[in-house]
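This report refers to the structure that appears directly beneath it.
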Amino acid sequence: MSKPADPAYHWNGADLDLDAYLARIGFDGERAPTLATLRELVRLHTTSIPFENLEPVLGRPIPLDLATLQDKLVRGRRGGYCYENVGLFAAALERLGFGVTGLSGRVTMGSGGLRPATHALLRVTTADDERVWICDVGFGSGPLEPYELVEREGEFSLGQWRFRLERRAGELDTDLWVLHQFARDGWIDRYTFTIEPQYRIDFEVGNHFVSTSPRSPFTARPFVQRFLPDVHHVLDGLKLITERPDGSSETRELEPSELPKILSEVFDIELDEADATAVSAAPWLDR
């Protein structure tokens, strides 16, 4: 799937500080567009950079230019939500020579209703394999590996975690793909997506809604995730949830004053004093 030469169709990979990014996620493997490298990059990015929405909760914008993404996620060692993670990861893949196309998904989580296409993910091809891969480093709950875009029977495992990928006939003869995941609520449809290409400007539009609209859940309360091979940590408002691949989970109610410590110790997010105070004051509780 080739793209026009216009830079607007690409991911600014040439401007990425590749050494700093790879050091941030702990990658020291071969810098080549191979399937083995892709798998390792997805695993390390997903387990190193947490999912978080603290900027919108504190009333701040989310710029998606590469310089800002590098300052926040790489040099600042913070996390981000899907648009931020995917923008940074796409730049790294492009720089390394992978074929990269943006896609949009509609997060369903078992709702059954029509929701806006506000999840970003990537269609990726490698130099040593003819298959098409989906990389989802920005959902917050994995998967830890790319998964092949192909119809299959039954479930499949990526590490210890279980998934299903369903292909449905969508409107106007468009294939609709549905990713299901097994977690604390059993099997649940996570999101739907098509292979219609999305570009940086498309992600800017979705990002504006997600980060500023009062209808967006990400402006209403902290939602932070850390996904690891054997455990998934979730901070949802003042609920700290721990879930495991077998579906078991525990939930603990927190006090607002506990949030900076939990963010640091569980999610590897270090806030400066001003932000720690702001999060602890929990102004979002009054919204």
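To be explicit about the labels: the chains of the structure tokens are called A, B, and onward in the order shown, and within each one the residues are counted from 1, while ligands get numbers from 1 in the order they are shown.
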Fill in: Near-A:Val132 list (7 Å; only C-alpha atoms; drop same-chain fewer than 6 positions) as a ChimeraX atom specification
/A:123-125,148-149
Output file for the residues above (all heavy atoms, as a tab-separated table (two decimals), in the first residue's frame):
```tsv
chain	number	residue	atom	x	y	z
A	123	ARG	N	-1.72	-0.38	10.58
A	123	ARG	CA	-1.52	-1.50	9.65
A	123	ARG	C	-0.06	-1.48	9.26
A	123	ARG	O	0.45	-0.45	8.79
A	123	ARG	CB	-2.41	-1.32	8.42
A	123	ARG	CG	-2.24	-2.38	7.34
A	123	ARG	CD	-2.90	-1.90	6.06
A	123	ARG	NE	-2.93	-2.92	5.04
A	123	ARG	CZ	-1.93	-3.20	4.20
A	123	ARG	NH1	-0.78	-2.54	4.27
A	123	ARG	NH2	-2.07	-4.14	3.27
A	124	VAL	N	0.65	-2.59	9.44
A	124	VAL	CA	2.10	-2.60	9.24
A	124	VAL	C	2.50	-3.78	8.35
A	124	VAL	O	1.98	-4.89	8.49
A	124	VAL	CB	2.84	-2.69	10.60
A	124	VAL	CG1	4.35	-2.69	10.39
A	124	VAL	CG2	2.43	-1.52	11.50
A	125	THR	N	3.45	-3.52	7.47
A	125	THR	CA	4.07	-4.59	6.68
A	125	THR	C	5.57	-4.57	6.92
A	125	THR	O	6.16	-3.54	7.27
A	125	THR	CB	3.78	-4.43	5.18
A	125	THR	OG1	4.20	-3.12	4.75
A	125	THR	CG2	2.30	-4.60	4.89
A	148	GLU	N	-1.96	-10.76	13.13
A	148	GLU	CA	-2.12	-10.81	11.68
A	148	GLU	C	-3.55	-10.47	11.29
A	148	GLU	O	-4.51	-10.93	11.92
A	148	GLU	CB	-1.75	-12.19	11.15
A	148	GLU	CG	-1.76	-12.27	9.64
A	148	GLU	CD	-1.43	-13.66	9.11
A	148	GLU	OE1	-1.19	-14.56	9.93
A	148	GLU	OE2	-1.43	-13.82	7.86
A	149	LEU	N	-3.69	-9.68	10.24
A	149	LEU	CA	-5.02	-9.32	9.73
A	149	LEU	C	-5.48	-10.42	8.79
A	149	LEU	O	-5.26	-10.36	7.58
A	149	LEU	CB	-4.95	-7.97	9.01
A	149	LEU	CG	-6.30	-7.41	8.55
A	149	LEU	CD1	-7.19	-7.09	9.75
A	149	LEU	CD2	-6.09	-6.16	7.70
```
Worksheet item: Quick one: residues within 9 Å of A:Glu204, only C-alpha atoms counted, chain neighbours fewer than 3 positions away excluded, as a PyMOL selection string?
Response: chain A and resi 63-64+83+199-201+207-209
Go ahead and save the residues from that selection, with N, CA, C and O atoms, as a PDB file, in the first residue's frame.
```
ATOM      1  N   PRO A  63      -1.135  18.138  22.025  1.00  0.00           N
ATOM      2  CA  PRO A  63      -0.557  18.312  20.685  1.00  0.00           C
ATOM      3  C   PRO A  63      -0.010  16.973  20.186  1.00  0.00           C
ATOM      4  O   PRO A  63       0.530  16.185  20.951  1.00  0.00           O
ATOM      5  N   LEU A  64      -0.137  16.744  18.881  1.00  0.00           N
ATOM      6  CA  LEU A  64       0.334  15.495  18.295  1.00  0.00           C
ATOM      7  C   LEU A  64       1.557  15.676  17.404  1.00  0.00           C
ATOM      8  O   LEU A  64       1.948  14.738  16.709  1.00  0.00           O
ATOM      9  N   TYR A  83      -3.651   8.228  20.414  1.00  0.00           N
ATOM     10  CA  TYR A  83      -3.115   9.080  19.358  1.00  0.00           C
ATOM     11  C   TYR A  83      -1.650   9.419  19.609  1.00  0.00           C
ATOM     12  O   TYR A  83      -0.841   9.516  18.669  1.00  0.00           O
ATOM     13  N   TYR A 199      -4.737   9.340   8.192  1.00  0.00           N
ATOM     14  CA  TYR A 199      -3.491  10.084   8.180  1.00  0.00           C
ATOM     15  C   TYR A 199      -3.387  10.966   9.417  1.00  0.00           C
ATOM     16  O   TYR A 199      -4.313  11.038  10.224  1.00  0.00           O
ATOM     17  N   ARG A 200      -2.261  11.635   9.561  1.00  0.00           N
ATOM     18  CA  ARG A 200      -2.061  12.440  10.768  1.00  0.00           C
ATOM     19  C   ARG A 200      -3.171  13.473  10.940  1.00  0.00           C
ATOM     20  O   ARG A 200      -3.623  13.734  12.052  1.00  0.00           O
ATOM     21  N   ILE A 201      -3.624  14.058   9.859  1.00  0.00           N
ATOM     22  CA  ILE A 201      -4.673  15.062   9.956  1.00  0.00           C
ATOM     23  C   ILE A 201      -5.983  14.445  10.441  1.00  0.00           C
ATOM     24  O   ILE A 201      -6.756  15.076  11.168  1.00  0.00           O
ATOM     25  N   ASN A 207      -8.468  13.393  17.898  1.00  0.00           N
ATOM     26  CA  ASN A 207      -7.781  13.806  19.111  1.00  0.00           C
ATOM     27  C   ASN A 207      -8.427  15.039  19.731  1.00  0.00           C
ATOM     28  O   ASN A 207      -8.535  15.165  20.962  1.00  0.00           O
ATOM     29  N   HIS A 208      -8.869  15.968  18.892  1.00  0.00           N
ATOM     30  CA  HIS A 208      -9.498  17.191  19.422  1.00  0.00           C
ATOM     31  C   HIS A 208     -10.762  16.842  20.204  1.00  0.00           C
ATOM     32  O   HIS A 208     -10.986  17.354  21.310  1.00  0.00           O
ATOM     33  N   PHE A 209     -11.574  15.949  19.663  1.00  0.00           N
ATOM     34  CA  PHE A 209     -12.790  15.547  20.380  1.00  0.00           C
ATOM     35  C   PHE A 209     -12.446  14.849  21.692  1.00  0.00           C
ATOM     36  O   PHE A 209     -12.972  15.178  22.757  1.00  0.00           O
TER      37      PHE A 209
END
```
Practice prompt. Give me, please, the distance in Å between atom CA of A:Leu121 and atom CA of A:Arg152, quoted to one decimal.
Written response: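 It comes out at 20.2 Å.
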Worksheet entry | Per-residue DSSP, stretch 157-278 of chain A, filtered to strand (DSSP E or B), as JSON, numbers by chain | {"A": [157, 158, 161, 162, 163, 164, 165, 166, 167, 168, 169, 175, 176, 177, 178, 179, 180, 181, 182, 183, 186, 187, 188, 189, 190, 191, 192, 193, 198, 223, 224, 225, 226, 227, 232, 233, 234, 235, 236, 239, 240, 241, 242, 243, 249, 250, 251, 252, 253]}
Discussion item. I need the alpha helix (DSSP H) residues of stretch 10-163 of chain A per DSSP on the backbone, written as a PyMOL selection string.
Written reply: chain A and resi 18-25+35-48+54-57+66-69+82-96
Return as a tab-separated table the residues of stretch 59-114 of chain A lying at most 12 Å from stretch 19-31 of chain A, together with the closest atom-to-atom pair for each and the distance in Å to one decimal, counting only C-alpha atoms, with rows in chain order and ascending residue number.
```
residue	atom	partner	partner_atom	distance
A:Leu66	CA	A:Tyr21	CA	11.7
A:Leu69	CA	A:Tyr21	CA	10.6
A:Gln70	CA	A:Tyr21	CA	7.8
A:Asp71	CA	A:Tyr21	CA	10.5
A:Lys72	CA	A:Tyr21	CA	11.4
A:Leu73	CA	A:Arg24	CA	8.6
A:Val74	CA	A:Arg24	CA	5.9
A:Arg75	CA	A:Ala20	CA	7.7
A:Gly76	CA	A:Arg24	CA	10.0
A:Arg77	CA	A:Arg24	CA	7.7
A:Arg78	CA	A:Arg24	CA	10.5
A:Gly79	CA	A:Arg24	CA	11.5
A:Asn85	CA	A:Tyr21	CA	11.7
A:Leu88	CA	A:Tyr21	CA	8.7
A:Phe89	CA	A:Tyr21	CA	9.2
A:Ala90	CA	A:Tyr21	CA	11.9
A:Ala91	CA	A:Tyr21	CA	10.2
A:Ala92	CA	A:Tyr21	CA	7.9
A:Leu93	CA	A:Arg31	CA	9.9
A:Glu94	CA	A:Arg31	CA	11.6
A:Arg95	CA	A:Arg31	CA	9.7
A:Leu96	CA	A:Arg31	CA	6.4
A:Gly97	CA	A:Arg31	CA	9.1
A:Phe98	CA	A:Arg31	CA	10.7
```
Item to complete: Skip A:His180 itself and residues of its chain fewer than 6 positions away, then list as a list in words all residues within 7 Å of it, counting only C-alpha atoms.
Response: Phe163, Arg164, Leu165, Trp187, Ile188, Asp189 and Arg190 of chain A
Selection file, all heavy atoms, as an mmCIF file, in the first residue's frame:
```
data_model
loop_
_atom_site.group_PDB
_atom_site.id
_atom_site.type_symbol
_atom_site.label_atom_id
_atom_site.label_comp_id
_atom_site.auth_asym_id
_atom_site.auth_seq_id
_atom_site.Cartn_x
_atom_site.Cartn_y
_atom_site.Cartn_z
ATOM 1 N N PHE A 163 -7.351 -13.597 22.725
ATOM 2 C CA PHE A 163 -8.055 -12.707 21.814
ATOM 3 C C PHE A 163 -8.817 -13.517 20.768
ATOM 4 O O PHE A 163 -8.528 -14.694 20.533
ATOM 5 C CB PHE A 163 -7.071 -11.772 21.100
ATOM 6 C CG PHE A 163 -6.296 -10.874 22.016
ATOM 7 C CD1 PHE A 163 -5.083 -11.286 22.560
ATOM 8 C CD2 PHE A 163 -6.766 -9.616 22.346
ATOM 9 C CE1 PHE A 163 -4.355 -10.470 23.413
ATOM 10 C CE2 PHE A 163 -6.056 -8.786 23.191
ATOM 11 C CZ PHE A 163 -4.855 -9.217 23.728
ATOM 12 N N ARG A 164 -9.766 -12.867 20.133
ATOM 13 C CA ARG A 164 -10.425 -13.390 18.935
ATOM 14 C C ARG A 164 -10.531 -12.243 17.939
ATOM 15 O O ARG A 164 -10.762 -11.091 18.316
ATOM 16 C CB ARG A 164 -11.830 -13.920 19.243
ATOM 17 C CG ARG A 164 -11.879 -15.143 20.124
ATOM 18 C CD ARG A 164 -13.198 -15.914 19.972
ATOM 19 N NE ARG A 164 -14.361 -15.062 20.110
ATOM 20 C CZ ARG A 164 -15.163 -15.040 21.176
ATOM 21 N NH1 ARG A 164 -14.913 -15.842 22.212
ATOM 22 N NH2 ARG A 164 -16.216 -14.255 21.221
ATOM 23 N N LEU A 165 -10.382 -12.552 16.665
ATOM 24 C CA LEU A 165 -10.539 -11.556 15.609
ATOM 25 C C LEU A 165 -11.626 -12.028 14.664
ATOM 26 O O LEU A 165 -11.527 -13.113 14.082
ATOM 27 C CB LEU A 165 -9.227 -11.355 14.852
ATOM 28 C CG LEU A 165 -9.236 -10.258 13.782
ATOM 29 C CD1 LEU A 165 -9.498 -8.882 14.407
ATOM 30 C CD2 LEU A 165 -7.919 -10.258 13.011
ATOM 31 N N TRP A 187 -15.324 -12.746 27.797
ATOM 32 C CA TRP A 187 -15.102 -12.300 26.428
ATOM 33 C C TRP A 187 -15.908 -11.037 26.161
ATOM 34 O O TRP A 187 -17.094 -10.962 26.481
ATOM 35 C CB TRP A 187 -15.510 -13.379 25.433
ATOM 36 C CG TRP A 187 -14.500 -14.481 25.321
ATOM 37 C CD1 TRP A 187 -14.588 -15.738 25.814
ATOM 38 C CD2 TRP A 187 -13.232 -14.392 24.657
ATOM 39 N NE1 TRP A 187 -13.461 -16.459 25.513
ATOM 40 C CE2 TRP A 187 -12.608 -15.661 24.796
ATOM 41 C CE3 TRP A 187 -12.561 -13.390 23.951
ATOM 42 C CZ2 TRP A 187 -11.355 -15.935 24.269
ATOM 43 C CZ3 TRP A 187 -11.313 -13.670 23.422
ATOM 44 C CH2 TRP A 187 -10.724 -14.917 23.576
ATOM 45 N N ILE A 188 -15.238 -10.038 25.578
ATOM 46 C CA ILE A 188 -15.916 -8.783 25.268
ATOM 47 C C ILE A 188 -15.364 -8.242 23.954
ATOM 48 O O ILE A 188 -14.167 -8.385 23.659
ATOM 49 C CB ILE A 188 -15.728 -7.761 26.407
ATOM 50 C CG1 ILE A 188 -16.631 -6.544 26.201
ATOM 51 C CG2 ILE A 188 -14.279 -7.350 26.552
ATOM 52 C CD1 ILE A 188 -16.686 -5.624 27.407
ATOM 53 N N ASP A 189 -16.249 -7.700 23.114
ATOM 54 C CA ASP A 189 -15.777 -7.072 21.887
ATOM 55 C C ASP A 189 -15.132 -5.742 22.257
ATOM 56 O O ASP A 189 -15.749 -4.888 22.874
ATOM 57 C CB ASP A 189 -16.912 -6.876 20.884
ATOM 58 C CG ASP A 189 -18.110 -6.169 21.474
ATOM 59 O OD1 ASP A 189 -18.776 -6.765 22.341
ATOM 60 O OD2 ASP A 189 -18.375 -5.012 21.096
ATOM 61 N N ARG A 190 -13.876 -5.580 21.893
ATOM 62 C CA ARG A 190 -13.094 -4.433 22.322
ATOM 63 C C ARG A 190 -13.296 -3.231 21.407
ATOM 64 O O ARG A 190 -13.564 -2.134 21.851
ATOM 65 C CB ARG A 190 -11.617 -4.833 22.361
ATOM 66 C CG ARG A 190 -10.763 -3.888 23.137
ATOM 67 C CD ARG A 190 -9.473 -4.551 23.525
ATOM 68 N NE ARG A 190 -8.394 -4.214 22.620
ATOM 69 C CZ ARG A 190 -7.111 -4.427 22.899
ATOM 70 N NH1 ARG A 190 -6.762 -4.988 24.030
ATOM 71 N NH2 ARG A 190 -6.171 -4.092 22.044
#
```
Worksheet item: In terms of the shortest atom-to-atom distance over only C-alpha atoms, which of A:Thr101, A:Gly80, A:Val107, A:Leu35 is closest to A:Asp129?
Response: A:Leu35
Polymer residues at most 9 Å from stretch 249-255 of chain A, only C-alpha atoms, same-chain spacing of 6 or more positions, as a PDB file with N, CA and C atoms, in the first residue's frame:
```pdb
ATOM      1  N   ALA A 183     -10.989 -11.009  29.501  1.00  0.00           N
ATOM      2  CA  ALA A 183     -10.471 -10.310  30.677  1.00  0.00           C
ATOM      3  C   ALA A 183     -11.433 -10.525  31.843  1.00  0.00           C
ATOM      4  N   ARG A 184     -11.491  -9.564  32.760  1.00  0.00           N
ATOM      5  CA  ARG A 184     -12.247  -9.775  33.994  1.00  0.00           C
ATOM      6  C   ARG A 184     -13.746  -9.912  33.760  1.00  0.00           C
ATOM      7  N   GLY A 237     -10.639   6.669  37.526  1.00  0.00           N
ATOM      8  CA  GLY A 237     -11.071   7.590  38.571  1.00  0.00           C
ATOM      9  C   GLY A 237     -10.334   7.277  39.851  1.00  0.00           C
ATOM     10  N   LEU A 238     -11.061   6.861  40.874  1.00  0.00           N
ATOM     11  CA  LEU A 238     -10.447   6.474  42.143  1.00  0.00           C
ATOM     12  C   LEU A 238     -10.469   4.969  42.367  1.00  0.00           C
ATOM     13  N   LYS A 239     -10.689   4.203  41.305  1.00  0.00           N
ATOM     14  CA  LYS A 239     -10.654   2.756  41.407  1.00  0.00           C
ATOM     15  C   LYS A 239      -9.338   2.230  40.836  1.00  0.00           C
ATOM     16  N   LEU A 240      -8.639   1.437  41.616  1.00  0.00           N
ATOM     17  CA  LEU A 240      -7.437   0.763  41.159  1.00  0.00           C
ATOM     18  C   LEU A 240      -7.792  -0.701  40.918  1.00  0.00           C
ATOM     19  N   ILE A 241      -7.710  -1.114  39.668  1.00  0.00           N
ATOM     20  CA  ILE A 241      -8.116  -2.457  39.265  1.00  0.00           C
ATOM     21  C   ILE A 241      -6.880  -3.224  38.807  1.00  0.00           C
ATOM     22  N   THR A 242      -6.760  -4.445  39.269  1.00  0.00           N
ATOM     23  CA  THR A 242      -5.689  -5.334  38.842  1.00  0.00           C
ATOM     24  C   THR A 242      -6.328  -6.576  38.246  1.00  0.00           C
ATOM     25  N   GLU A 243      -6.020  -6.874  36.989  1.00  0.00           N
ATOM     26  CA  GLU A 243      -6.584  -8.064  36.354  1.00  0.00           C
ATOM     27  C   GLU A 243      -5.488  -8.898  35.719  1.00  0.00           C
ATOM     28  N   SER A 280      -4.178  15.336  43.066  1.00  0.00           N
ATOM     29  CA  SER A 280      -4.659  14.976  44.401  1.00  0.00           C
ATOM     30  C   SER A 280      -5.860  15.796  44.815  1.00  0.00           C
TER      31      SER A 280
END
```
Worksheet entry | Spatial neighbours of stretch 38-43 of chain A, 7 Å, only C-alpha atoms, chain gap at least 3 places, as a PyMOL selection string | chain A and resi 34-35+46-47+137+144-146
Output for the residues just chosen: N, CA and C atoms as a tab-separated table (two decimals), in the first residue's frame:
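To be explicit, this is the file written out as result06.tsv:
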```tsv
chain	number	residue	atom	x	y	z
A	34	THR	N	12.04	-6.05	9.99
A	34	THR	CA	11.71	-7.48	9.99
A	34	THR	C	10.59	-7.77	10.96
A	35	LEU	N	9.97	-8.93	10.81
A	35	LEU	CA	8.90	-9.32	11.72
A	35	LEU	C	9.41	-9.49	13.14
A	46	THR	N	4.67	-1.31	24.41
A	46	THR	CA	3.45	-1.53	25.17
A	46	THR	C	3.72	-1.67	26.67
A	47	THR	N	4.81	-2.30	27.02
A	47	THR	CA	5.10	-2.52	28.44
A	47	THR	C	5.91	-1.39	29.06
A	137	VAL	N	-0.52	-0.27	19.92
A	137	VAL	CA	0.28	0.08	21.09
A	137	VAL	C	-0.39	1.14	21.96
A	144	LEU	N	0.44	-7.53	23.39
A	144	LEU	CA	1.88	-7.35	23.47
A	144	LEU	C	2.60	-7.69	22.18
A	145	GLU	N	1.87	-8.14	21.17
A	145	GLU	CA	2.46	-8.47	19.88
A	145	GLU	C	1.55	-7.95	18.77
A	146	PRO	N	2.10	-7.76	17.57
A	146	PRO	CA	1.21	-7.49	16.44
A	146	PRO	C	0.37	-8.73	16.16
```
Worksheet item: How many Å lie between atom CA of A:Phe227 and atom CA of A:Pro50, rounded to one decimal?
Response: 7.5 Å
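Candidate residues A:Pro214, A:Arg167, A:Asp65, A:Leu54 were compared for distance to A:Leu259, and the nearest is A:Leu54, using only C-alpha atoms.
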Worksheet item: Out of A:Val210, A:Val266, A:Ala14, A:Ile134, which residue has the shortest atom-to-atom distance to A:Ala67 when counting only C-alpha atoms?
Response: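 That would be A:Ala14, the residue with the smallest distance to A:Ala67.
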Worksheet entry | For A:His119, the nearest of the candidates A:Val234, A:Val150, A:Ile49, A:Cys82, counting only C-alpha atoms |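 For A:His119, the nearest of the given residues is A:Cys82.
Atom CA of A:Val86 is found 13.5 Å from atom CA of A:Leu16.
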